[in-house]
file coords.txt (compact mmCIF, C-alpha atoms)
# COMPACT_ATOMS: atom_id res chain seq x y z
CA MET A 268 0.00 0.00 0.00
CA VAL A 269 1.26 3.52 -0.80
CA SER A 270 1.04 6.04 2.02
CA SER A 271 1.58 9.79 1.67
CA PHE A 272 1.07 13.16 3.29
CA SER A 273 1.99 16.73 2.40
CA ALA A 274 3.99 19.35 4.30
CA GLY A 275 4.00 22.66 2.50
CA ALA A 276 5.85 22.42 -0.81
CA LEU A 277 7.09 18.96 0.13
CA SER A 278 5.22 15.67 0.12
CA LEU A 279 6.20 12.32 1.60
CA GLU A 280 5.33 9.06 -0.15
CA ARG A 281 6.03 5.37 0.30
CA LEU A 282 7.14 3.72 -2.93
CA GLY A 283 5.97 0.50 -4.50
CA PRO A 284 6.62 -1.41 -7.73
CA ALA A 285 4.69 1.15 -9.76
CA HIS A 286 7.44 3.71 -9.03
CA LEU A 287 10.36 1.73 -10.44
CA VAL A 288 11.06 3.90 -13.48
CA GLU A 289 11.29 7.21 -11.63
CA THR A 290 13.23 5.60 -8.77
CA PHE A 291 15.87 4.31 -11.18
CA ALA A 292 16.00 7.72 -12.87
CA PHE A 293 16.66 9.43 -9.52
CA LEU A 294 19.37 7.00 -8.41
CA ASP A 295 20.99 6.89 -11.85
CA ARG A 296 22.08 10.49 -11.38
CA ASP A 297 25.10 8.91 -9.68
CA PRO A 298 25.08 5.17 -10.39
CA VAL A 299 28.44 4.63 -8.67
CA LEU A 300 27.54 6.34 -5.40
CA ASN A 301 24.10 4.71 -5.40
CA VAL A 302 25.11 1.25 -6.59
CA TYR A 303 23.99 -0.56 -3.44
CA LEU A 304 20.44 0.80 -3.66
CA LEU A 305 20.29 0.27 -7.41
CA ALA A 306 21.32 -3.37 -6.98
CA LEU A 307 18.70 -3.88 -4.26
CA ILE A 308 15.96 -2.44 -6.43
CA LEU A 309 17.07 -4.41 -9.48
CA ARG A 310 16.78 -7.55 -7.35
CA ASP A 311 13.53 -6.83 -5.50
CA ALA A 312 11.74 -4.30 -7.75
CA LEU A 313 10.55 -2.33 -4.68
CA GLY A 314 8.55 -5.42 -3.73
CA GLN A 315 10.42 -6.84 -0.71
CA PRO A 316 7.72 -6.79 1.99
CA ARG A 317 10.11 -6.20 4.91
CA ASP A 318 11.84 -3.26 3.24
CA GLU A 319 10.42 0.24 2.94
CA TYR A 320 11.28 2.92 0.42
CA TRP A 321 10.17 6.48 1.11
CA VAL A 322 10.68 9.61 -0.96
CA THR A 323 10.18 13.28 -0.39
CA ARG A 324 8.81 15.05 -3.44
CA ARG A 325 9.21 18.71 -4.27
CA GLU A 326 6.66 19.88 -6.82
CA GLY A 327 6.03 16.26 -7.74
CA GLU A 328 9.67 15.32 -8.38
CA ILE A 329 11.74 13.08 -6.11
CA ALA A 330 14.02 15.28 -4.00
CA ALA A 331 15.35 12.65 -1.57
CA LEU A 332 14.97 8.92 -1.03
CA LEU A 333 15.19 6.63 2.00
CA HIS A 334 15.61 2.86 2.26
CA LEU A 335 14.65 1.13 5.53
CA GLY A 336 15.84 -2.48 5.68
CA GLY A 337 13.49 -4.37 7.94
CA GLN A 338 15.79 -7.40 8.00
CA SER A 339 19.21 -5.91 7.25
CA GLY A 340 18.81 -2.88 9.51
CA ALA A 341 20.15 -0.61 6.77
CA VAL A 342 18.90 2.99 6.93
CA LEU A 343 20.08 4.65 3.71
CA PRO A 344 19.19 8.28 2.87
CA VAL A 345 20.07 9.73 -0.54
CA GLY A 346 19.68 13.26 -1.85
CA GLU A 347 20.92 16.84 -1.65
CA ASP A 348 17.74 18.68 -0.61
CA THR A 349 18.20 19.50 3.09
CA GLU A 350 14.52 19.98 3.91
CA ALA A 351 13.55 16.85 2.01
CA LEU A 352 16.10 14.82 3.97
CA ARG A 353 14.91 16.27 7.27
CA LEU A 354 11.39 15.18 6.44
CA LEU A 355 12.62 11.66 5.72
CA GLY A 356 14.48 11.67 9.03
CA GLY A 357 11.26 12.44 10.85
CA GLN A 358 9.46 9.66 9.02
CA ALA A 359 12.22 7.16 9.83
CA ARG A 360 11.89 8.07 13.49
CA THR A 361 8.23 6.99 13.38
CA ARG A 362 9.28 3.69 11.77
CA LEU A 363 11.90 2.61 14.31
CA GLY A 364 9.65 -0.29 15.28
CA ALA A 365 10.05 -1.74 11.77
CA LEU A 366 13.85 -1.98 12.20
CA PRO A 367 15.81 -4.66 14.04
CA ARG A 368 17.33 -3.72 17.39
CA ARG A 369 20.72 -3.34 15.73
CA PHE A 370 20.66 -1.03 12.71
CA GLN A 371 23.04 1.21 10.81
CA LEU A 372 22.60 4.61 9.17
CA ILE A 373 24.89 4.97 6.16
CA GLY A 374 25.25 7.45 3.32
CA PRO A 375 26.81 10.66 2.01
CA LYS A 376 27.95 12.75 4.97
CA ASP A 377 25.84 15.81 4.16
CA ALA A 378 22.72 13.73 3.52
CA VAL A 379 23.16 11.83 6.78
CA GLY A 380 23.69 15.09 8.67
CA SER A 381 20.46 16.60 7.36
CA PHE A 382 18.56 13.36 7.99
CA LEU A 383 19.77 13.24 11.61
CA GLN A 384 18.29 16.63 12.39
CA ARG A 385 14.86 15.01 12.58
CA PHE A 386 15.76 11.36 13.11
CA ASP A 387 17.77 11.35 16.35
CA PRO A 388 15.59 9.25 18.63
CA PRO A 389 15.52 10.25 22.32
CA GLY A 390 17.66 8.07 24.55
CA ILE A 391 19.26 6.18 21.64
CA ALA A 392 22.81 7.23 20.82
CA PRO A 393 24.87 5.54 18.10
CA ARG A 394 27.34 2.99 19.39
CA LEU A 395 29.77 4.12 16.68
CA ASP A 396 29.86 7.18 14.44
CA ARG A 397 32.38 6.91 11.60
CA ASP A 398 33.57 9.60 9.21
CA GLN A 399 34.51 7.87 5.97
CA MET A 400 35.50 8.38 2.35
CA TYR A 401 33.75 6.82 -0.63
CA LEU A 402 36.29 5.85 -3.30
CA ALA A 403 36.07 4.43 -6.80
CA VAL A 404 38.38 3.16 -9.53
CA GLU A 405 37.32 2.94 -13.16
CA ARG A 406 38.39 0.76 -16.06
CA GLY A 407 41.86 1.69 -17.24
CA GLU A 408 42.79 3.27 -13.88
CA LEU A 409 43.47 0.14 -11.80
CA ALA A 410 47.11 -0.52 -10.88
CA ARG A 411 47.52 -4.21 -11.65
CA SER A 412 49.49 -6.57 -9.42
CA ALA A 413 50.63 -10.13 -9.96
CA PRO A 414 47.60 -12.34 -10.68
CA VAL A 415 46.04 -14.35 -7.86
CA PRO A 416 44.24 -17.31 -9.45
CA ALA A 417 43.84 -18.78 -5.95
CA LEU A 418 41.27 -16.06 -5.09
CA VAL A 419 37.97 -17.95 -5.21
CA PRO A 420 34.43 -17.64 -3.85
CA ALA A 421 33.95 -19.06 -0.37
CA ARG A 422 32.27 -22.46 -0.12
CA PRO A 423 30.39 -24.23 2.69
CA GLU A 424 33.56 -26.04 3.76
CA ASP A 425 35.13 -22.62 4.43
CA PHE A 426 32.66 -21.91 7.24
CA SER A 427 35.20 -22.04 10.08
CA LEU A 428 37.64 -19.79 8.27
CA LEU A 429 34.89 -17.32 7.42
CA PHE A 430 33.57 -17.41 10.96
CA GLU A 431 36.88 -16.66 12.66
CA SER A 432 38.27 -14.18 10.12
CA GLY A 433 34.95 -12.37 9.92
CA ALA A 434 34.93 -11.96 13.69
CA ASP A 435 38.46 -10.53 13.56
CA LEU A 436 37.42 -8.15 10.79
CA ARG A 437 34.39 -6.89 12.73
CA ALA A 438 36.36 -6.56 15.94
CA GLU A 439 38.76 -4.21 14.15
CA GLU A 440 36.21 -2.27 12.13
CA LEU A 441 33.23 -2.19 14.50
CA GLU A 442 34.91 -2.63 17.90
CA GLU A 443 32.85 -5.64 18.95
CA ASP A 444 32.99 -9.41 18.71
CA PRO A 445 29.90 -10.66 16.83
CA ARG A 446 30.36 -14.10 18.37
CA LEU A 447 29.47 -12.51 21.72
CA VAL A 448 26.98 -9.75 20.92
CA ASP A 449 24.88 -11.58 18.31
CA PRO A 450 25.97 -15.23 18.12
CA ALA A 451 22.89 -16.61 16.37
CA GLY A 452 22.66 -13.77 13.87
CA TYR A 453 26.36 -13.87 13.15
CA ARG A 454 26.35 -17.64 12.55
CA ARG A 455 23.42 -17.22 10.15
CA ARG A 456 25.22 -14.48 8.21
CA VAL A 457 28.37 -16.59 7.92
CA GLU A 458 26.33 -19.53 6.64
CA GLU A 459 24.97 -17.21 3.95
CA GLU A 460 28.50 -16.01 3.11
CA ALA A 461 29.60 -19.61 2.67
CA ARG A 462 26.98 -20.32 0.03
CA ASP A 463 26.07 -17.07 -1.76
CA GLY A 464 29.35 -16.73 -3.71
CA HIS A 465 29.83 -13.06 -2.82
CA THR A 466 32.77 -13.45 -0.43
CA PHE A 467 36.18 -14.25 -1.92
CA LEU A 468 39.06 -15.98 -0.16
CA TRP A 469 42.72 -16.34 -0.99
CA LYS A 470 44.29 -19.20 0.92
CA ASP A 471 47.68 -20.90 0.81
CA ALA A 472 49.45 -23.56 2.85
CA GLY A 473 49.77 -21.09 5.73
CA GLY A 474 46.06 -20.29 5.87
CA LEU A 475 44.12 -17.17 4.93
CA CYS A 476 45.97 -14.48 2.96
CA PHE A 477 43.09 -12.16 2.06
CA ARG A 478 39.30 -11.90 2.01
CA ALA A 479 36.78 -9.41 0.64
CA SER A 480 33.10 -9.39 -0.29
CA VAL A 481 31.11 -7.97 -3.18
CA SER A 482 28.02 -6.33 -1.76
CA ALA A 483 26.46 -4.97 -4.96
CA VAL A 484 26.94 -5.30 -8.72
CA THR A 485 25.43 -3.41 -11.65
CA ALA A 486 26.73 -2.61 -15.12
CA ASP A 487 27.89 0.76 -13.78
CA ALA A 488 29.64 -0.30 -10.58
CA ALA A 489 30.53 -3.08 -8.17
CA GLN A 490 30.79 -2.32 -4.46
CA VAL A 491 33.43 -4.12 -2.39
CA SER A 492 33.28 -4.46 1.39
CA GLY A 493 35.01 -6.33 4.18
CA VAL A 494 38.54 -6.03 2.78
CA PHE A 495 40.75 -7.92 5.23
CA ALA A 496 44.15 -9.57 5.63
CA PRO A 497 45.11 -11.35 8.86
CA LYS A 498 47.62 -9.50 11.02
CA ASP A 499 50.37 -12.03 10.29
CA ARG A 500 49.90 -11.49 6.52
CA ARG A 501 50.03 -7.71 6.52
CA ARG A 502 52.83 -5.69 4.93
CA GLN A 503 53.48 -8.63 2.60
CA GLY A 504 51.43 -7.39 -0.36
CA CYS A 505 48.52 -9.77 0.23
CA ALA A 506 45.84 -7.07 0.41
CA THR A 507 47.31 -5.25 -2.60
CA ARG A 508 47.41 -8.36 -4.76
CA GLY A 509 44.09 -9.76 -3.54
CA LEU A 510 42.15 -6.54 -4.04
CA SER A 511 43.78 -5.82 -7.39
CA GLU A 512 42.79 -9.31 -8.57
CA LEU A 513 39.20 -8.92 -7.36
CA CYS A 514 38.85 -5.47 -8.91
CA SER A 515 40.25 -6.59 -12.26
CA ARG A 516 37.62 -9.34 -12.43
CA LEU A 517 34.81 -6.99 -11.42
CA LEU A 518 35.89 -4.39 -13.99
CA GLU A 519 35.30 -6.95 -16.73
CA ARG A 520 31.54 -6.53 -16.18
CA SER A 521 31.21 -3.18 -14.35
CA ARG A 522 32.58 0.22 -15.32
CA ALA A 523 33.84 1.01 -11.81
CA VAL A 524 34.61 -0.59 -8.47
CA CYS A 525 33.79 1.35 -5.31
CA LEU A 526 34.09 1.05 -1.55
CA PHE A 527 34.09 3.22 1.54
CA VAL A 528 36.74 3.37 4.25
CA ASN A 529 37.17 4.97 7.67
CA LEU A 530 39.10 8.23 7.45
CA ASN A 531 41.24 7.15 10.40
CA ASN A 532 42.41 4.02 8.56
CA ALA A 533 45.50 5.50 6.97
CA PRO A 534 47.02 2.18 5.77
CA ALA A 535 43.81 1.22 3.95
CA LEU A 536 43.47 4.66 2.36
CA ALA A 537 47.07 4.46 1.14
CA LEU A 538 46.47 0.98 -0.31
CA TYR A 539 43.35 2.04 -2.19
CA ARG A 540 45.02 5.13 -3.61
CA ARG A 541 48.00 3.08 -4.79
CA LEU A 542 45.59 0.84 -6.67
CA GLY A 543 44.03 3.85 -8.41
CA PHE A 544 40.97 4.56 -6.27
CA ARG A 545 39.93 8.21 -6.15
CA GLU A 546 37.65 10.09 -3.76
CA ARG A 547 34.00 10.37 -4.85
CA SER A 548 32.27 11.62 -1.70
CA THR A 549 32.62 12.10 2.01
CA TRP A 550 30.66 9.36 3.77
CA ARG A 551 29.30 8.63 7.24
CA SER A 552 28.16 5.48 9.04
CA LEU A 553 26.43 5.30 12.43
CA PHE A 554 25.77 2.02 14.23
CA TYR A 555 22.93 1.69 16.73
CA ASP A 556 21.95 -0.96 19.27
CA THR A 557 18.60 -0.16 20.87
CA SER A 558 18.99 -2.96 23.41
CA CYS A 559 21.84 -1.16 25.16
call {"tool": "encode", "arguments": {"input": "coords.txt", "output": "structure tokens"}}
result
Amino acid sequence: MVSSFSAGALSLERLGPAHLVETFAFLDRDPVLNVYLLALILRDALGQPRDEYWVTRREGEIAALLHLGGQSGAVLPVGEDTEALRLLGGQARTRLGALPRRFQLIGPKDAVGSFLQRFDPPGIAPRLDRDQMYLAVERGELARSAPVPALVPARPEDFSLLFESGADLRAEELEEDPRLVDPAGYRRRVEEEARDGHTFLWKDAGGLCFRASVSAVTADAAQVSGVFAPKDRRRQGCATRGLSELCSRLLERSRAVCLFVNLNNAPALALYRRLGFRERSTWRSLFYDTSC
């Protein structure tokens, strides 16, 4: 069902499958920055019952868009119209009950800032608030390294390796051990990683060298996440070679590869720039746990 109300020159509307064409047109203004949402909509056609898509319209045209992931916990605002984003923030605040207890607000820094002006729920502070940079590398710009044919999609028999390395990754990036804070949910996510073919591993006789995941793919861009090398494999070129190999494969079918990284992660920023990644936008991610 489509719900809507008006507030002055702005109107708020929940999207459904009938709005696909104009939604794609809005997001295609920057198909690299918006690749994750574009991939979601290509997959679900605005029809996933647990997800909500809201837009603010100005004079009938989409001015800002919001995705609320009822299962994933992803809260994703997009747009440049400050008032439109504020209105979406207020709407998201009324829909907190539709989100899981652990959710994350992610997007362009300015959009997130405007959204927060009306969203900030009383008594719920983010557990983490990260300033980040969104980077991309296009075809012809990637610095190639020695090939890594051993980089392959994870399989069910890799569960233990995925489970332990993923916990190490999250402990570094998110300052928590998922095996302790959400053991059932984490095990379920790792089981999905082991069978969906989106997480890539490079292993040798000594164990894991490198891992990374592909979180979204369209013809315009592929988004990479979870780039990780174990501590005992760092400063040996594993991350450089592994990521270069993954990007070269992705660039065979997408025009760009993108990712976002914490601004305080100087080694990762240096690695990505050496490979040819360039800044596309300032970014911000906030992580909430309403059970705390």
call {"tool": "closest_residue", "arguments": {"input": "coords.txt", "among": "A:Gly357, A:Pro298, A:Pro534, A:Gly327", "to": "Thr485 of chain A", "atoms": "all atoms listed in the file"}}
result
A:Pro298
call {"tool": "residues_around", "arguments": {"input": "coords.txt", "residues": "segment 518-520 of chain A", "least_positions_apart": "3", "cutoff": "7 Å", "atoms": "only C-alpha atoms", "output": "PDB file with C-alpha atoms, in the frame of the given file"}}
result
ATOM      1  CA  ARG A 406      38.390   0.760 -16.060  1.00  0.00           C
ATOM      2  CA  ALA A 486      26.730  -2.610 -15.120  1.00  0.00           C
ATOM      3  CA  CYS A 514      38.850  -5.470  -8.910  1.00  0.00           C
ATOM      4  CA  SER A 515      40.250  -6.590 -12.260  1.00  0.00           C
ATOM      5  CA  ALA A 523      33.840   1.010 -11.810  1.00  0.00           C
ATOM      6  CA  VAL A 524      34.610  -0.590  -8.470  1.00  0.00           C
TER       7      VAL A 524
END
call {"tool": "axis_aligned_box", "arguments": {"input": "coords.txt", "around": "segment 519-530 of chain A", "padding_each_side": "8 Å", "output": "JSON"}}
result
{"center_x": 35.2, "center_y": 0.6, "center_z": -4.5, "size_x": 23.9, "size_y": 31.2, "size_z": 40.4}
call {"tool": "residues_around", "arguments": {"input": "coords.txt", "residues": "segment 432-446 of chain A", "least_positions_apart": "2", "cutoff": "8 Å", "atoms": "all atoms listed in the file", "output": "PyMOL selection string"}}
result
chain A and resi 395+428-430+448-450+453-454+493+495+497
call {"tool": "closest_residue", "arguments": {"input": "coords.txt", "among": "A:Leu294, A:Val528, A:Leu363, A:Ala285", "to": "Pro389 of chain A", "atoms": "only C-alpha atoms"}}
result
A:Leu363
call {"tool": "build_atoms", "arguments": {"input": "coords.txt", "residues": "segment 326-337 of chain A", "atoms": "all heavy atoms", "output": "tab-separated table (two decimals), keeping the file's coordinate frame"}}
result
chain	number	residue	atom	x	y	z
A	326	GLU	N	7.42	19.59	-5.59
A	326	GLU	CA	6.66	19.88	-6.82
A	326	GLU	C	6.53	18.64	-7.69
A	326	GLU	O	6.68	18.69	-8.91
A	326	GLU	CB	7.32	21.03	-7.58
A	326	GLU	CG	7.35	22.34	-6.79
A	326	GLU	CD	8.00	23.47	-7.56
A	326	GLU	OE1	8.53	23.22	-8.67
A	326	GLU	OE2	7.97	24.60	-7.06
A	327	GLY	N	6.29	17.51	-7.04
A	327	GLY	CA	6.03	16.26	-7.74
A	327	GLY	C	7.25	15.44	-8.10
A	327	GLY	O	7.13	14.25	-8.41
A	328	GLU	N	8.44	16.03	-8.03
A	328	GLU	CA	9.67	15.32	-8.38
A	328	GLU	C	10.37	14.80	-7.14
A	328	GLU	O	10.35	15.45	-6.09
A	328	GLU	CB	10.61	16.25	-9.16
A	328	GLU	CG	10.04	16.78	-10.46
A	328	GLU	CD	9.78	15.68	-11.48
A	328	GLU	OE1	10.59	14.73	-11.52
A	328	GLU	OE2	8.79	15.78	-12.20
A	329	ILE	N	11.01	13.64	-7.25
A	329	ILE	CA	11.74	13.08	-6.11
A	329	ILE	C	12.91	14.00	-5.75
A	329	ILE	O	13.75	14.31	-6.59
A	329	ILE	CB	12.26	11.67	-6.43
A	329	ILE	CG1	11.09	10.70	-6.64
A	329	ILE	CG2	13.15	11.17	-5.28
A	329	ILE	CD1	11.52	9.29	-7.03
A	330	ALA	N	12.94	14.42	-4.49
A	330	ALA	CA	14.02	15.28	-4.00
A	330	ALA	C	14.98	14.53	-3.10
A	330	ALA	O	16.16	14.91	-2.98
A	330	ALA	CB	13.44	16.47	-3.24
A	331	ALA	N	14.51	13.47	-2.44
A	331	ALA	CA	15.35	12.65	-1.57
A	331	ALA	C	14.67	11.30	-1.40
A	331	ALA	O	13.44	11.20	-1.50
A	331	ALA	CB	15.57	13.32	-0.22
A	332	LEU	N	15.48	10.28	-1.14
A	332	LEU	CA	14.97	8.92	-1.03
A	332	LEU	C	15.56	8.26	0.21
A	332	LEU	O	16.69	8.54	0.61
A	332	LEU	CB	15.35	8.13	-2.28
A	332	LEU	CG	14.91	6.66	-2.38
A	332	LEU	CD1	14.56	6.29	-3.82
A	332	LEU	CD2	16.02	5.72	-1.85
A	333	LEU	N	14.77	7.35	0.80
A	333	LEU	CA	15.19	6.63	2.00
A	333	LEU	C	14.85	5.15	1.87
A	333	LEU	O	13.73	4.80	1.52
A	333	LEU	CB	14.49	7.19	3.23
A	333	LEU	CG	14.68	6.41	4.54
A	333	LEU	CD1	16.13	6.48	5.01
A	333	LEU	CD2	13.73	6.92	5.61
A	334	HIS	N	15.84	4.30	2.15
A	334	HIS	CA	15.61	2.86	2.26
A	334	HIS	C	15.67	2.47	3.73
A	334	HIS	O	16.60	2.85	4.45
A	334	HIS	CB	16.70	2.10	1.50
A	334	HIS	CG	16.75	0.63	1.81
A	334	HIS	ND1	15.91	-0.30	1.23
A	334	HIS	CD2	17.54	-0.08	2.67
A	334	HIS	CE1	16.19	-1.50	1.70
A	334	HIS	NE2	17.17	-1.40	2.58
A	335	LEU	N	14.67	1.70	4.19
A	335	LEU	CA	14.65	1.13	5.53
A	335	LEU	C	14.65	-0.38	5.39
A	335	LEU	O	13.67	-0.96	4.88
A	335	LEU	CB	13.41	1.58	6.31
A	335	LEU	CG	13.27	3.08	6.61
A	335	LEU	CD1	11.93	3.35	7.28
A	335	LEU	CD2	14.42	3.56	7.49
A	336	GLY	N	15.73	-1.03	5.80
A	336	GLY	CA	15.84	-2.48	5.68
A	336	GLY	C	15.30	-3.18	6.91
A	336	GLY	O	15.95	-3.20	7.95
A	337	GLY	N	14.11	-3.74	6.80
A	337	GLY	CA	13.49	-4.37	7.94
A	337	GLY	C	14.24	-5.58	8.46
A	337	GLY	O	14.15	-5.92	9.64
